>>> print(open('work_7.txt').read())   # compact mmCIF, C-alpha atoms
# COMPACT_ATOMS: atom_id res chain seq x y z
CA MET V 28 0.00 0.00 0.00
CA ASN V 29 2.73 2.48 1.00
CA PHE V 30 4.78 1.77 -2.11
CA THR V 31 1.70 2.27 -4.33
CA LEU V 32 1.03 5.56 -2.55
CA LEU V 33 4.65 6.61 -3.13
CA ILE V 34 4.24 6.00 -6.88
CA VAL V 35 0.97 7.98 -6.88
CA ILE V 36 2.74 10.89 -5.17
CA ILE V 37 5.58 10.85 -7.71
CA VAL V 38 3.07 10.87 -10.59
CA LEU V 39 1.07 13.72 -9.02
CA ALA V 40 4.29 15.65 -8.37
CA LEU V 41 5.07 15.46 -12.09
CA VAL V 42 1.48 16.47 -12.89
CA PHE V 43 2.01 19.53 -10.66
CA ASP V 44 5.29 20.19 -12.50
CA TYR V 45 3.43 20.13 -15.82
CA ILE V 46 0.74 22.50 -14.51
CA ASN V 47 3.50 24.70 -13.11
CA GLY V 48 4.94 24.87 -16.63
CA PHE V 49 1.84 26.20 -18.36
CA HIS V 50 0.75 28.24 -15.30
CA ASP V 51 4.13 30.01 -15.20
CA ALA V 52 4.76 30.08 -18.96
CA ALA V 53 3.67 33.72 -18.86
CA ASN V 54 6.61 34.57 -16.60
CA SER V 55 9.07 33.61 -19.32
CA ILE V 56 7.22 34.77 -22.43
CA ALA V 57 4.89 37.65 -21.48
CA THR V 58 7.30 40.49 -22.23
CA ILE V 59 8.80 38.95 -25.36
CA VAL V 60 5.29 38.31 -26.76
CA SER V 61 4.01 41.76 -25.79
CA THR V 62 6.91 43.44 -27.58
CA LYS V 63 6.29 41.21 -30.64
CA VAL V 64 9.91 40.02 -30.68
CA LEU V 65 8.52 36.48 -30.98
CA THR V 66 5.11 35.10 -31.80
CA PRO V 67 3.34 33.23 -28.97
CA LEU V 68 4.21 29.87 -30.52
CA GLN V 69 7.86 30.82 -31.05
CA ALA V 70 8.02 32.20 -27.50
CA VAL V 71 6.74 29.05 -25.76
CA ILE V 72 9.14 26.88 -27.77
CA TRP V 73 11.99 29.26 -26.87
CA ALA V 74 11.06 29.25 -23.17
CA ALA V 75 10.49 25.47 -23.04
CA PHE V 76 13.91 24.82 -24.57
CA PHE V 77 15.69 26.87 -21.92
CA ASN V 78 13.51 25.44 -19.15
CA PHE V 79 14.86 22.04 -20.14
CA LEU V 80 18.43 23.30 -20.63
CA ALA V 81 18.48 24.23 -16.93
CA TYR V 82 19.01 20.52 -16.23
CA TRP V 83 22.71 20.96 -17.09
CA VAL V 84 23.18 24.23 -15.23
CA PHE V 85 21.67 24.01 -11.74
CA GLY V 86 22.33 21.80 -8.74
CA PHE V 87 19.86 20.58 -6.11
CA GLY V 88 20.12 23.24 -3.39
CA VAL V 89 16.53 24.47 -3.76
CA ALA V 90 15.29 20.86 -3.90
CA ASP V 91 16.92 20.18 -0.52
CA THR V 92 15.29 23.27 1.02
CA VAL V 93 11.82 22.23 -0.20
CA ALA V 94 12.31 18.62 0.93
CA LYS V 95 12.99 19.87 4.45
CA THR V 96 9.89 22.07 4.71
CA ALA V 97 8.63 19.67 7.38
CA HIS V 98 10.43 17.06 9.50
CA THR V 99 10.29 13.97 7.28
CA MET V 100 10.64 11.68 10.31
CA ASP V 101 7.38 13.03 11.79
CA ILE V 102 5.03 12.99 8.77
CA THR V 103 3.36 10.40 6.56
CA LEU V 104 2.88 9.97 2.84
CA ALA V 105 -0.71 11.21 3.30
CA VAL V 106 0.75 14.59 4.29
CA ILE V 107 2.73 14.91 1.07
CA LEU V 108 -0.20 13.64 -1.01
CA SER V 109 -2.54 16.24 0.54
CA GLY V 110 -0.03 19.04 -0.02
CA ILE V 111 0.38 18.21 -3.71
CA ILE V 112 -3.38 17.92 -4.31
CA ALA V 113 -3.94 21.32 -2.66
CA ALA V 114 -1.18 22.88 -4.77
CA ILE V 115 -2.66 21.45 -7.97
CA ILE V 116 -6.15 22.78 -7.11
CA TRP V 117 -4.88 26.29 -6.29
CA ASN V 118 -2.74 26.43 -9.42
CA LEU V 119 -5.63 25.38 -11.67
CA LEU V 120 -7.99 27.86 -9.98
CA THR V 121 -5.62 30.84 -10.34
CA TRP V 122 -4.78 29.81 -13.91
CA ALA V 123 -8.51 29.71 -14.81
CA LEU V 124 -8.93 33.20 -13.31
CA GLY V 125 -5.80 34.53 -15.06
CA ILE V 126 -4.08 35.38 -11.76
CA PRO V 127 -0.25 35.05 -11.84
CA SER V 128 0.11 33.48 -8.37
CA SER V 129 3.14 31.59 -7.14
CA SER V 130 3.37 27.85 -7.88
CA SER V 131 6.31 27.71 -5.47
CA HIS V 132 4.43 29.16 -2.54
CA THR V 133 1.32 27.06 -3.08
CA LEU V 134 3.52 23.95 -2.94
CA ILE V 135 5.30 25.10 0.23
CA GLY V 136 1.99 26.21 1.79
CA GLY V 137 0.30 22.92 0.93
CA PHE V 138 3.16 20.85 2.33
CA ALA V 139 3.32 22.88 5.57
CA GLY V 140 -0.46 23.00 6.03
CA ALA V 141 -0.88 19.24 5.68
CA ALA V 142 2.04 18.66 8.07
CA LEU V 143 0.47 20.93 10.72
CA ALA V 144 -2.88 19.17 10.31
CA HIS V 145 -1.13 15.83 10.82
CA ALA V 146 0.62 17.04 13.98
CA ILE V 147 -2.67 18.28 15.45
CA ALA V 148 -4.46 15.05 14.51
CA VAL V 149 -1.78 12.90 16.15
CA HIS V 150 -0.74 15.00 19.18
CA GLY V 151 -3.47 17.61 19.55
CA PHE V 152 -2.38 20.98 20.92
CA SER V 153 -0.48 19.56 23.89
CA GLU V 154 3.24 18.93 24.25
CA TYR V 155 4.75 15.62 23.20
CA ALA V 156 8.17 14.00 23.57
CA ILE V 157 10.54 13.14 20.72
CA ILE V 158 13.05 10.40 21.57
CA ASP V 159 16.20 10.28 19.48
CA GLY V 160 18.48 7.64 21.00
CA SER V 161 19.25 8.84 24.50
CA GLN V 162 18.10 12.38 23.80
CA VAL V 163 14.53 13.41 24.68
CA THR V 164 13.11 16.74 23.51
CA THR V 165 9.71 18.34 24.01
CA ALA V 166 7.81 19.56 20.94
CA HIS V 167 4.50 21.21 20.04
CA TRP V 168 2.27 20.73 16.99
CA TYR V 169 3.81 23.71 15.20
CA ASN V 170 7.36 22.30 15.56
CA ILE V 171 6.66 19.78 12.79
CA VAL V 172 7.41 22.54 10.25
CA ASN V 173 10.93 23.90 9.81
CA TRP V 174 10.08 27.56 10.27
CA TYR V 175 13.63 28.84 10.56
CA VAL V 176 16.91 26.97 10.11
CA PRO V 177 20.13 28.96 10.72
CA GLY V 178 22.64 28.87 7.89
CA LYS V 179 25.79 26.80 8.22
CA ASN V 180 28.97 28.74 8.95
CA GLY V 181 27.16 32.06 8.75
CA GLY V 182 25.46 31.15 5.48
CA MET V 183 21.94 31.91 4.32
CA PRO V 184 19.23 30.62 6.68
CA SER V 185 16.31 28.57 5.35
CA GLY V 186 12.85 27.50 6.42
CA VAL V 187 9.24 28.45 5.73
CA ALA V 188 9.65 31.86 7.41
CA VAL V 189 12.54 32.74 5.09
CA ILE V 190 10.57 31.54 2.04
CA ALA V 191 7.59 33.64 3.16
CA ALA V 192 9.85 36.69 3.62
CA PHE V 193 10.84 36.41 -0.05
CA ILE V 194 7.21 37.03 -1.02
CA VAL V 195 8.29 40.63 -0.45
CA LEU V 196 12.05 40.43 -0.94
CA ALA V 197 12.09 38.66 -4.35
CA PRO V 198 9.83 41.18 -6.17
CA LEU V 199 11.51 44.04 -4.32
CA LEU V 200 14.93 42.84 -5.45
CA GLY V 201 13.62 42.45 -9.01
CA LEU V 202 12.04 45.91 -8.85
CA LEU V 203 15.20 47.64 -7.62
CA MET V 204 17.37 45.82 -10.12
CA SER V 205 15.10 46.53 -13.12
CA TYR V 206 14.70 50.17 -12.08
CA THR V 207 18.49 50.53 -11.86
CA ILE V 208 19.03 48.84 -15.24
CA SER V 209 16.37 51.07 -16.83
CA ILE V 210 17.99 54.26 -15.49
CA TRP V 211 21.39 52.95 -16.59
CA LEU V 212 20.11 52.33 -20.12
CA LEU V 213 18.40 55.73 -20.26
CA HIS V 214 21.56 57.61 -19.26
CA SER V 215 23.66 55.51 -21.64
CA SER V 216 21.67 56.94 -24.55
CA LYS V 217 23.20 60.36 -23.84
CA LYS V 218 26.51 61.44 -25.41
CA THR V 219 28.31 62.06 -22.13
CA ALA V 220 31.34 60.40 -20.52
CA GLY V 221 29.75 59.63 -17.14
CA PRO V 222 27.51 56.71 -18.22
CA LYS V 223 30.38 55.13 -20.19
CA ILE V 224 32.73 55.30 -17.21
CA PHE V 225 29.99 53.77 -15.04
CA THR V 226 29.50 51.00 -17.62
CA VAL V 227 33.22 50.17 -17.72
CA VAL V 228 33.24 49.94 -13.91
CA ILE V 229 30.22 47.59 -14.05
CA MET V 230 32.02 45.40 -16.60
CA LEU V 231 35.16 45.16 -14.46
CA LEU V 232 33.15 44.40 -11.32
CA THR V 233 31.19 41.71 -13.19
CA ILE V 234 34.38 40.00 -14.38
CA TRP V 235 35.83 40.16 -10.85
CA PHE V 236 32.59 38.80 -9.34
CA VAL V 237 32.29 35.88 -11.78
CA ILE V 238 35.93 34.85 -11.28
CA ASN V 239 35.46 34.89 -7.50
CA MET V 240 32.26 32.85 -7.70
CA MET V 241 33.79 30.11 -9.88
CA GLU V 242 34.96 26.77 -8.52
CA PHE V 243 38.39 25.65 -9.67
CA ASP V 244 38.72 22.56 -7.48
CA ILE V 245 36.35 20.20 -9.32
CA LYS V 246 35.44 17.14 -7.22
CA LYS V 247 33.77 15.23 -10.06
CA PRO V 248 35.47 16.32 -13.31
CA ARG V 249 33.58 15.59 -16.52
CA PHE V 250 36.70 15.68 -18.71
CA ASP V 251 40.35 14.70 -18.46
CA SER V 252 41.23 18.30 -19.25
CA HIS V 253 41.16 20.47 -16.10
CA PHE V 254 40.22 23.52 -18.21
CA TRP V 255 37.16 21.86 -19.74
CA SER V 256 36.16 20.36 -16.38
CA ILE V 257 36.10 23.88 -14.93
CA ALA V 258 34.20 25.23 -17.93
CA ALA V 259 31.62 22.40 -17.84
CA GLU V 260 30.97 22.53 -14.09
CA PRO V 261 27.26 23.44 -13.64
CA HIS V 262 28.06 25.94 -10.88
CA ASN V 263 30.51 27.72 -13.18
CA ILE V 264 28.18 27.63 -16.20
CA LYS V 265 25.59 29.48 -14.13
CA TRP V 266 27.96 32.33 -13.34
CA PHE V 267 29.35 32.39 -16.90
CA LEU V 268 25.80 33.05 -18.06
CA VAL V 269 25.27 35.82 -15.50
CA GLY V 270 28.53 37.42 -16.61
CA PHE V 271 27.66 37.08 -20.31
CA LEU V 272 24.23 38.63 -19.76
CA VAL V 273 25.54 41.64 -17.82
CA LEU V 274 28.49 42.16 -20.20
CA SER V 275 26.12 42.03 -23.19
CA VAL V 276 23.95 44.76 -21.69
CA SER V 277 27.10 46.73 -20.82
CA THR V 278 28.44 46.49 -24.38
CA PHE V 279 25.13 47.81 -25.70
CA CYS V 280 25.27 50.69 -23.18
CA LEU V 281 28.72 51.69 -24.50
CA GLU V 282 27.32 51.92 -28.05
CA PHE V 283 23.81 53.15 -27.24
CA SER V 284 24.49 56.89 -27.66
CA SER V 285 25.91 56.39 -31.17
CA LEU V 286 22.94 54.35 -32.46
CA SER V 287 19.88 55.66 -34.25
CA GLN V 288 16.47 54.90 -32.77
CA THR V 289 15.89 52.24 -35.45
CA ASN V 290 19.22 50.55 -34.77
CA SER V 291 18.86 50.72 -30.99
CA THR V 292 15.39 49.13 -31.19
CA TYR V 293 16.80 46.44 -33.49
CA TYR V 294 19.57 45.53 -31.02
CA LEU V 295 17.23 45.70 -28.01
CA ARG V 296 14.90 43.22 -29.72
CA LYS V 297 17.85 40.87 -30.27
CA MET V 298 19.02 41.33 -26.69
CA GLN V 299 15.54 40.43 -25.48
CA LEU V 300 16.10 36.94 -26.87
CA LEU V 301 19.12 36.63 -24.56
CA SER V 302 17.39 38.11 -21.50
CA SER V 303 14.23 36.00 -21.92
CA ALA V 304 16.34 32.85 -22.45
CA SER V 305 18.24 33.61 -19.23
CA PHE V 306 15.01 34.13 -17.31
CA SER V 307 13.53 30.89 -18.71
CA LEU V 308 16.70 29.10 -17.64
CA GLY V 309 16.35 30.48 -14.11
CA HIS V 310 12.65 29.57 -14.08
CA GLY V 311 13.37 25.97 -15.09
CA GLY V 312 16.15 25.60 -12.53
CA ASN V 313 14.18 27.17 -9.69
CA ASP V 314 10.78 25.57 -10.19
CA SER V 315 11.79 22.06 -11.27
CA GLN V 316 13.91 21.66 -8.16
CA LYS V 317 10.86 22.16 -5.96
CA VAL V 318 9.23 19.07 -7.44
CA MET V 319 12.49 17.15 -7.00
CA GLY V 320 12.40 18.18 -3.34
CA ILE V 321 8.85 16.85 -2.89
CA ILE V 322 9.80 13.52 -4.52
CA ALA V 323 12.91 13.27 -2.32
CA ALA V 324 10.82 14.00 0.80
CA ALA V 325 8.27 11.34 -0.25
CA VAL V 326 11.00 8.71 -0.60
CA ALA V 327 12.48 9.66 2.78
CA VAL V 328 9.05 9.39 4.44
CA TYR V 329 8.39 6.03 2.73
CA ILE V 330 11.68 4.59 4.01
CA HIS V 331 10.96 5.77 7.55
CA SER V 332 7.28 4.79 7.70
CA SER V 333 7.63 1.41 5.96
CA GLY V 334 10.57 0.18 7.99
CA VAL V 335 12.65 -0.58 4.89
CA THR V 336 16.34 0.24 4.68
CA GLN V 337 17.98 2.67 2.28
CA GLU V 338 20.01 -0.20 0.82
CA SER V 339 16.87 -2.21 -0.02
CA MET V 340 15.43 0.56 -2.22
CA PRO V 341 15.57 -0.06 -5.99
CA ALA V 342 18.27 1.90 -7.81
CA TRP V 343 15.69 4.15 -9.51
CA LEU V 344 14.43 5.27 -6.07
CA ASP V 345 17.79 5.51 -4.30
CA VAL V 346 17.23 9.02 -2.99
CA ALA V 347 19.06 10.35 0.07
CA LEU V 348 18.67 13.86 1.47
CA PRO V 349 21.83 15.87 2.25
CA ASN V 350 22.90 15.62 5.87
CA GLY V 351 25.94 17.39 7.28
CA ASP V 352 28.92 16.79 4.99
CA PHE V 353 26.96 14.21 2.99
CA GLU V 354 25.84 15.90 -0.24
CA GLY V 355 22.91 13.55 -0.80
CA ARG V 356 22.08 11.73 -4.01
CA ILE V 357 19.23 11.51 -6.47
CA PRO V 358 18.77 9.18 -9.47
CA GLY V 359 19.32 10.89 -12.80
CA TRP V 360 15.80 10.18 -14.09
CA ILE V 361 14.17 12.39 -11.44
CA PRO V 362 15.76 15.74 -12.43
CA LEU V 363 15.54 14.76 -16.11
CA ALA V 364 11.82 14.01 -15.74
CA CYS V 365 11.16 17.21 -13.78
CA TYR V 366 12.91 19.43 -16.32
CA SER V 367 11.25 17.62 -19.24
CA VAL V 368 7.76 17.88 -17.76
CA ILE V 369 8.01 21.58 -16.88
CA ALA V 370 9.27 22.24 -20.43
CA ALA V 371 6.28 20.30 -21.82
CA GLY V 372 3.96 22.35 -19.61
CA THR V 373 5.51 25.58 -20.86
CA LEU V 374 4.83 24.44 -24.43
CA SER V 375 1.15 24.24 -23.50
CA GLY V 376 1.04 27.99 -22.95
CA GLY V 377 -0.94 29.97 -20.41
CA TRP V 378 -2.34 32.86 -22.41
CA LYS V 379 -4.69 34.37 -19.82
CA ILE V 380 -1.76 35.15 -17.53
CA VAL V 381 0.36 36.42 -20.46
CA LYS V 382 -2.14 39.25 -20.94
CA THR V 383 -1.92 40.29 -17.28
CA MET V 384 1.87 40.10 -17.10
CA GLY V 385 2.65 41.60 -20.51
CA SER V 386 0.28 44.52 -20.80
CA LYS V 387 -1.96 45.13 -17.79
CA ILE V 388 0.79 46.02 -15.27
CA THR V 389 2.58 48.56 -17.49
CA LYS V 390 3.28 49.11 -21.18
CA VAL V 391 6.28 47.01 -22.23
CA THR V 392 8.62 47.81 -25.16
CA PRO V 393 11.88 45.99 -26.05
CA PHE V 394 13.68 48.52 -23.80
CA GLU V 395 11.54 47.58 -20.77
CA GLY V 396 11.60 43.91 -21.79
CA VAL V 397 15.40 43.72 -21.66
CA ALA V 398 15.56 45.54 -18.30
CA ALA V 399 12.82 43.44 -16.67
CA GLU V 400 14.03 40.05 -17.91
CA THR V 401 17.68 40.79 -17.12
CA ALA V 402 16.75 41.83 -13.58
CA GLY V 403 14.50 38.79 -13.16
CA ALA V 404 17.15 36.38 -14.45
CA VAL V 405 19.91 37.74 -12.21
CA THR V 406 17.55 37.63 -9.20
CA LEU V 407 16.66 33.97 -9.88
CA PHE V 408 20.30 32.98 -10.33
CA LEU V 409 21.27 34.68 -7.06
CA THR V 410 18.43 33.17 -5.01
CA GLU V 411 19.11 29.71 -6.47
CA HIS V 412 22.73 30.10 -5.38
CA PHE V 413 21.53 30.68 -1.81
CA LYS V 414 19.11 27.70 -2.09
CA ILE V 415 16.03 29.89 -1.64
CA PRO V 416 12.90 28.68 -3.48
CA VAL V 417 11.50 32.01 -4.64
CA SER V 418 8.53 32.71 -6.87
CA THR V 419 9.44 33.38 -10.50
CA THR V 420 6.01 35.04 -10.80
CA HIS V 421 6.77 37.51 -8.01
CA THR V 422 10.25 38.15 -9.37
CA ILE V 423 9.23 39.07 -12.93
CA THR V 424 6.21 41.05 -11.71
CA GLY V 425 8.44 43.14 -9.47
CA SER V 426 10.84 43.61 -12.38
CA ILE V 427 8.04 44.81 -14.69
CA ILE V 428 6.84 47.25 -12.01
CA GLY V 429 10.44 48.52 -11.70
CA VAL V 430 10.71 49.43 -15.39
CA GLY V 431 7.32 51.15 -15.15
CA LEU V 432 8.51 53.23 -12.20
CA SER V 433 11.60 54.30 -14.17
CA LYS V 434 9.23 56.24 -16.46
CA ARG V 435 6.84 57.63 -13.83
CA VAL V 436 4.80 56.29 -10.91
CA SER V 437 1.57 56.60 -12.88
CA ALA V 438 2.98 54.33 -15.63
CA VAL V 439 2.22 51.36 -13.34
CA ARG V 440 -1.41 50.29 -13.21
CA TRP V 441 -1.63 50.07 -9.43
CA GLY V 442 -5.18 48.66 -9.36
CA ILE V 443 -4.00 45.50 -11.13
CA THR V 444 -0.84 45.41 -9.01
CA ILE V 445 -2.79 45.56 -5.72
CA ASN V 446 -4.94 42.63 -6.84
CA LEU V 447 -1.79 40.64 -7.61
CA LEU V 448 -0.35 41.46 -4.18
CA TRP V 449 -3.48 40.07 -2.50
CA ALA V 450 -3.11 36.84 -4.48
CA TRP V 451 0.53 36.61 -3.38
CA VAL V 452 -0.25 37.16 0.31
CA LEU V 453 -3.14 34.69 0.32
CA THR V 454 -1.41 31.86 -1.59
CA ILE V 455 0.47 30.25 1.33
CA PRO V 456 -2.31 30.45 3.97
CA VAL V 457 -5.08 29.42 1.54
CA SER V 458 -2.98 26.52 0.22
CA ALA V 459 -2.15 25.48 3.79
CA ALA V 460 -5.82 25.55 4.85
CA LEU V 461 -6.88 23.66 1.73
CA ALA V 462 -4.18 21.03 2.30
CA ALA V 463 -5.26 20.62 5.93
CA ILE V 464 -8.87 19.96 4.87
CA ILE V 465 -7.71 17.49 2.21
CA TYR V 466 -5.46 15.77 4.77
CA TYR V 467 -8.36 15.18 7.19
CA PHE V 468 -10.40 13.75 4.30
CA VAL V 469 -7.54 11.57 2.98
CA SER V 470 -6.69 10.28 6.48
CA PHE V 471 -10.05 8.50 6.62
CA PHE V 472 -8.82 6.21 3.84
CA ILE V 473 -5.02 6.28 4.27
CA LYS V 474 -3.39 5.83 7.64
>>> encode(input="work_7.txt", output="structure tokens")
Amino acid sequence: MNFTLLIVIIVLALVFDYINGFHDAANSIATIVSTKVLTPLQAVIWAAFFNFLAYWVFGFGVADTVAKTAHTMDITLAVILSGIIAAIIWNLLTWALGIPSSSSHTLIGGFAGAALAHAIAVHGFSEYAIIDGSQVTTAHWYNIVNWYVPGKNGGMPSGVAVIAAFIVLAPLLGLLMSYTISIWLLHSSKKTAGPKIFTVVIMLLTIWFVINMMEFDIKKPRFDSHFWSIAAEPHNIKWFLVGFLVLSVSTFCLEFSSLSQTNSTYYLRKMQLLSSASFSLGHGGNDSQKVMGIIAAAVAVYIHSSGVTQESMPAWLDVALPNGDFEGRIPGWIPLACYSVIAAGTLSGGWKIVKTMGSKITKVTPFEGVAAETAGAVTLFLTEHFKIPVSTTHTITGSIIGVGLSKRVSAVRWGITINLLWAWVLTIPVSAALAAIIYYFVSFFIK
């Protein structure tokens, strides 16, 4: 029974991944469709390709964070099943209404809500003891969720509270970055020395930053050549792409003042292909990992609740979560399936949300498209580096608002924006409540 339920959860997780693809397709293609750089069909193919390409670029840091939303030793497969069902329902509802809500946060909210419902069902609201060998600790129902986990060696903390904080921080970061890029581009169109000096400084800082972020001691080299092993390391590829994106924008800024309006528009339209590809890459890497995390958590719960050993698991389900110095492991088919399915979902479109993202928030031209997508891509790459599962929807929305603000405050349609903010705030609690209700229903049939 438990093994069958595990397979059902894996299938539903991939179904959620597919829905995530067409629900969030608008994030990757809205601006490039609105500016008519690509047709809708060309745009979804373009975005789907780079969603899939993320398989070779990103690691599993975000997957680990999602897998540890709740204590896997204290929950059951029914908890994970309820969380996924709630996430699927919320995603389909918001997609039908054309609301660009966060697939990431509905998954986290569903997982946490079902876990809390399980803790209350088992222990009530009173204290209970957790025995780990000779160590006994007292816990409450709310301790089943990892609300805040301090970072190792002063690193970035994790937990549901940190993820919730990025409901505000991710769009704010995207907004500030896109606003800055927009102002930078505007000043670069003037025939003065100041913007060019600033651009050269940005280029030098970018090169310095990328070199410092690269890993030269490759533990698992892909080639005999040390040079090619460094170049092909996923961590390094990610920062190469960030550097290439920023240096491409910088090169355009150096030439901007000498270009005619026709030529500058031509180059901005070409650059939008690069910026949208980078954002699609970040979207694929960020969102697919969340589904990997749910699958990894389901396997961990199955092993614990069924009394089987890790060694007895079939090779295709040999999943182990990172623990201390142990980096964890995951069979190759899981990330490959997750990236493939989200790419297939992106190919299915999501046109209602495209209209909201591409035209209702603010008017988008190739100029704004490049600024918004570049800011969104860099934000996603940075948050993925710190293993934070942020919302690609929130990130690109904040970036689009930022380019609108660079023109004037009234350029942003604040009525639409306020409605989006309400959807963002409500996603986690509504998903959690829905998952809790589903858990109590499911628990009648699955113990």
>>> closest_residue(input="work_7.txt", among="V:Phe85, V:Phe43, V:Tyr169, V:Phe271", to="Ile111 in chain V", atoms="all atoms listed in the file")
V:Phe43
>>> residues_around(input="work_7.txt", residues="range 91-99 of chain V", least_positions_apart="3", cutoff="10 Å", atoms="only C-alpha atoms", output="ChimeraX atom specification")
/V:86-88,102-104,106-107,131,134-136,138-143,170-176,185-187,190,316-329,331-332,348-350,354-355,414-416
>>> write_last_selection(input="work_7.txt", atoms="C-alpha atoms", output="PDB file, in the frame of the given file")
ATOM      1  CA  GLY V  86      22.330  21.800  -8.740  1.00  0.00           C
ATOM      2  CA  PHE V  87      19.860  20.580  -6.110  1.00  0.00           C
ATOM      3  CA  GLY V  88      20.120  23.240  -3.390  1.00  0.00           C
ATOM      4  CA  ILE V 102       5.030  12.990   8.770  1.00  0.00           C
ATOM      5  CA  THR V 103       3.360  10.400   6.560  1.00  0.00           C
ATOM      6  CA  LEU V 104       2.880   9.970   2.840  1.00  0.00           C
ATOM      7  CA  VAL V 106       0.750  14.590   4.290  1.00  0.00           C
ATOM      8  CA  ILE V 107       2.730  14.910   1.070  1.00  0.00           C
ATOM      9  CA  SER V 131       6.310  27.710  -5.470  1.00  0.00           C
ATOM     10  CA  LEU V 134       3.520  23.950  -2.940  1.00  0.00           C
ATOM     11  CA  ILE V 135       5.300  25.100   0.230  1.00  0.00           C
ATOM     12  CA  GLY V 136       1.990  26.210   1.790  1.00  0.00           C
ATOM     13  CA  PHE V 138       3.160  20.850   2.330  1.00  0.00           C
ATOM     14  CA  ALA V 139       3.320  22.880   5.570  1.00  0.00           C
ATOM     15  CA  GLY V 140      -0.460  23.000   6.030  1.00  0.00           C
ATOM     16  CA  ALA V 141      -0.880  19.240   5.680  1.00  0.00           C
ATOM     17  CA  ALA V 142       2.040  18.660   8.070  1.00  0.00           C
ATOM     18  CA  LEU V 143       0.470  20.930  10.720  1.00  0.00           C
ATOM     19  CA  ASN V 170       7.360  22.300  15.560  1.00  0.00           C
ATOM     20  CA  ILE V 171       6.660  19.780  12.790  1.00  0.00           C
ATOM     21  CA  VAL V 172       7.410  22.540  10.250  1.00  0.00           C
ATOM     22  CA  ASN V 173      10.930  23.900   9.810  1.00  0.00           C
ATOM     23  CA  TRP V 174      10.080  27.560  10.270  1.00  0.00           C
ATOM     24  CA  TYR V 175      13.630  28.840  10.560  1.00  0.00           C
ATOM     25  CA  VAL V 176      16.910  26.970  10.110  1.00  0.00           C
ATOM     26  CA  SER V 185      16.310  28.570   5.350  1.00  0.00           C
ATOM     27  CA  GLY V 186      12.850  27.500   6.420  1.00  0.00           C
ATOM     28  CA  VAL V 187       9.240  28.450   5.730  1.00  0.00           C
ATOM     29  CA  ILE V 190      10.570  31.540   2.040  1.00  0.00           C
ATOM     30  CA  GLN V 316      13.910  21.660  -8.160  1.00  0.00           C
ATOM     31  CA  LYS V 317      10.860  22.160  -5.960  1.00  0.00           C
ATOM     32  CA  VAL V 318       9.230  19.070  -7.440  1.00  0.00           C
ATOM     33  CA  MET V 319      12.490  17.150  -7.000  1.00  0.00           C
ATOM     34  CA  GLY V 320      12.400  18.180  -3.340  1.00  0.00           C
ATOM     35  CA  ILE V 321       8.850  16.850  -2.890  1.00  0.00           C
ATOM     36  CA  ILE V 322       9.800  13.520  -4.520  1.00  0.00           C
ATOM     37  CA  ALA V 323      12.910  13.270  -2.320  1.00  0.00           C
ATOM     38  CA  ALA V 324      10.820  14.000   0.800  1.00  0.00           C
ATOM     39  CA  ALA V 325       8.270  11.340  -0.250  1.00  0.00           C
ATOM     40  CA  VAL V 326      11.000   8.710  -0.600  1.00  0.00           C
ATOM     41  CA  ALA V 327      12.480   9.660   2.780  1.00  0.00           C
ATOM     42  CA  VAL V 328       9.050   9.390   4.440  1.00  0.00           C
ATOM     43  CA  TYR V 329       8.390   6.030   2.730  1.00  0.00           C
ATOM     44  CA  HIS V 331      10.960   5.770   7.550  1.00  0.00           C
ATOM     45  CA  SER V 332       7.280   4.790   7.700  1.00  0.00           C
ATOM     46  CA  LEU V 348      18.670  13.860   1.470  1.00  0.00           C
ATOM     47  CA  PRO V 349      21.830  15.870   2.250  1.00  0.00           C
ATOM     48  CA  ASN V 350      22.900  15.620   5.870  1.00  0.00           C
ATOM     49  CA  GLU V 354      25.840  15.900  -0.240  1.00  0.00           C
ATOM     50  CA  GLY V 355      22.910  13.550  -0.800  1.00  0.00           C
ATOM     51  CA  LYS V 414      19.110  27.700  -2.090  1.00  0.00           C
ATOM     52  CA  ILE V 415      16.030  29.890  -1.640  1.00  0.00           C
ATOM     53  CA  PRO V 416      12.900  28.680  -3.480  1.00  0.00           C
TER      54      PRO V 416
END
>>> closest_residue(input="work_7.txt", among="V:Ala192, V:Ala399, V:Leu301, V:Ile455", to="Thr133 in chain V", atoms="only C-alpha atoms")
V:Ile455
>>> atom_distance(input="work_7.txt", atom1="CA of Ile34 in chain V", atom2="CA of Pro358 in chain V")
15.1 Å
>>> residues_around(input="work_7.txt", residues="Ala220 in chain V", least_positions_apart="5", cutoff="12 Å", atoms="only C-alpha atoms", output="list in words")
His214, Ser215, Phe225, Thr226, Val227, Cys280, Leu281 and Ser284 of chain V
>>> residues_around(input="work_7.txt", residues="Lys217 in chain V", least_positions_apart="4", cutoff="9 Å", atoms="only C-alpha atoms", output="NGL selection string")
:V and (213 or 222 or 283-285)
>>> residues_around(input="work_7.txt", residues="Gly396 in chain V", least_positions_apart="6", cutoff="10 Å", atoms="only C-alpha atoms", output="list in words")
Ala57, Thr58, Ile59, Val60, Ser61, Thr62, Val64, Ser205, Ser209, Leu295, Arg296, Met298, Gln299, Leu300, Ser302, Ser303, Gly385, Lys390, Ala402, Ser426, Ile427 and Val430 of chain V
>>> atom_distance(input="work_7.txt", atom1="CA of Arg435 in chain V", atom2="CA of Ser216 in chain V")
18.3 Å
>>> closest_residue(input="work_7.txt", among="V:Leu32, V:Val417, V:Leu448, V:Ala40", to="Ala105 in chain V", atoms="only C-alpha atoms")
V:Leu32
>>> closest_residue(input="work_7.txt", among="V:Leu108, V:Met183, V:Leu363, V:Ala398", to="Val38 in chain V", atoms="only C-alpha atoms")
V:Leu108
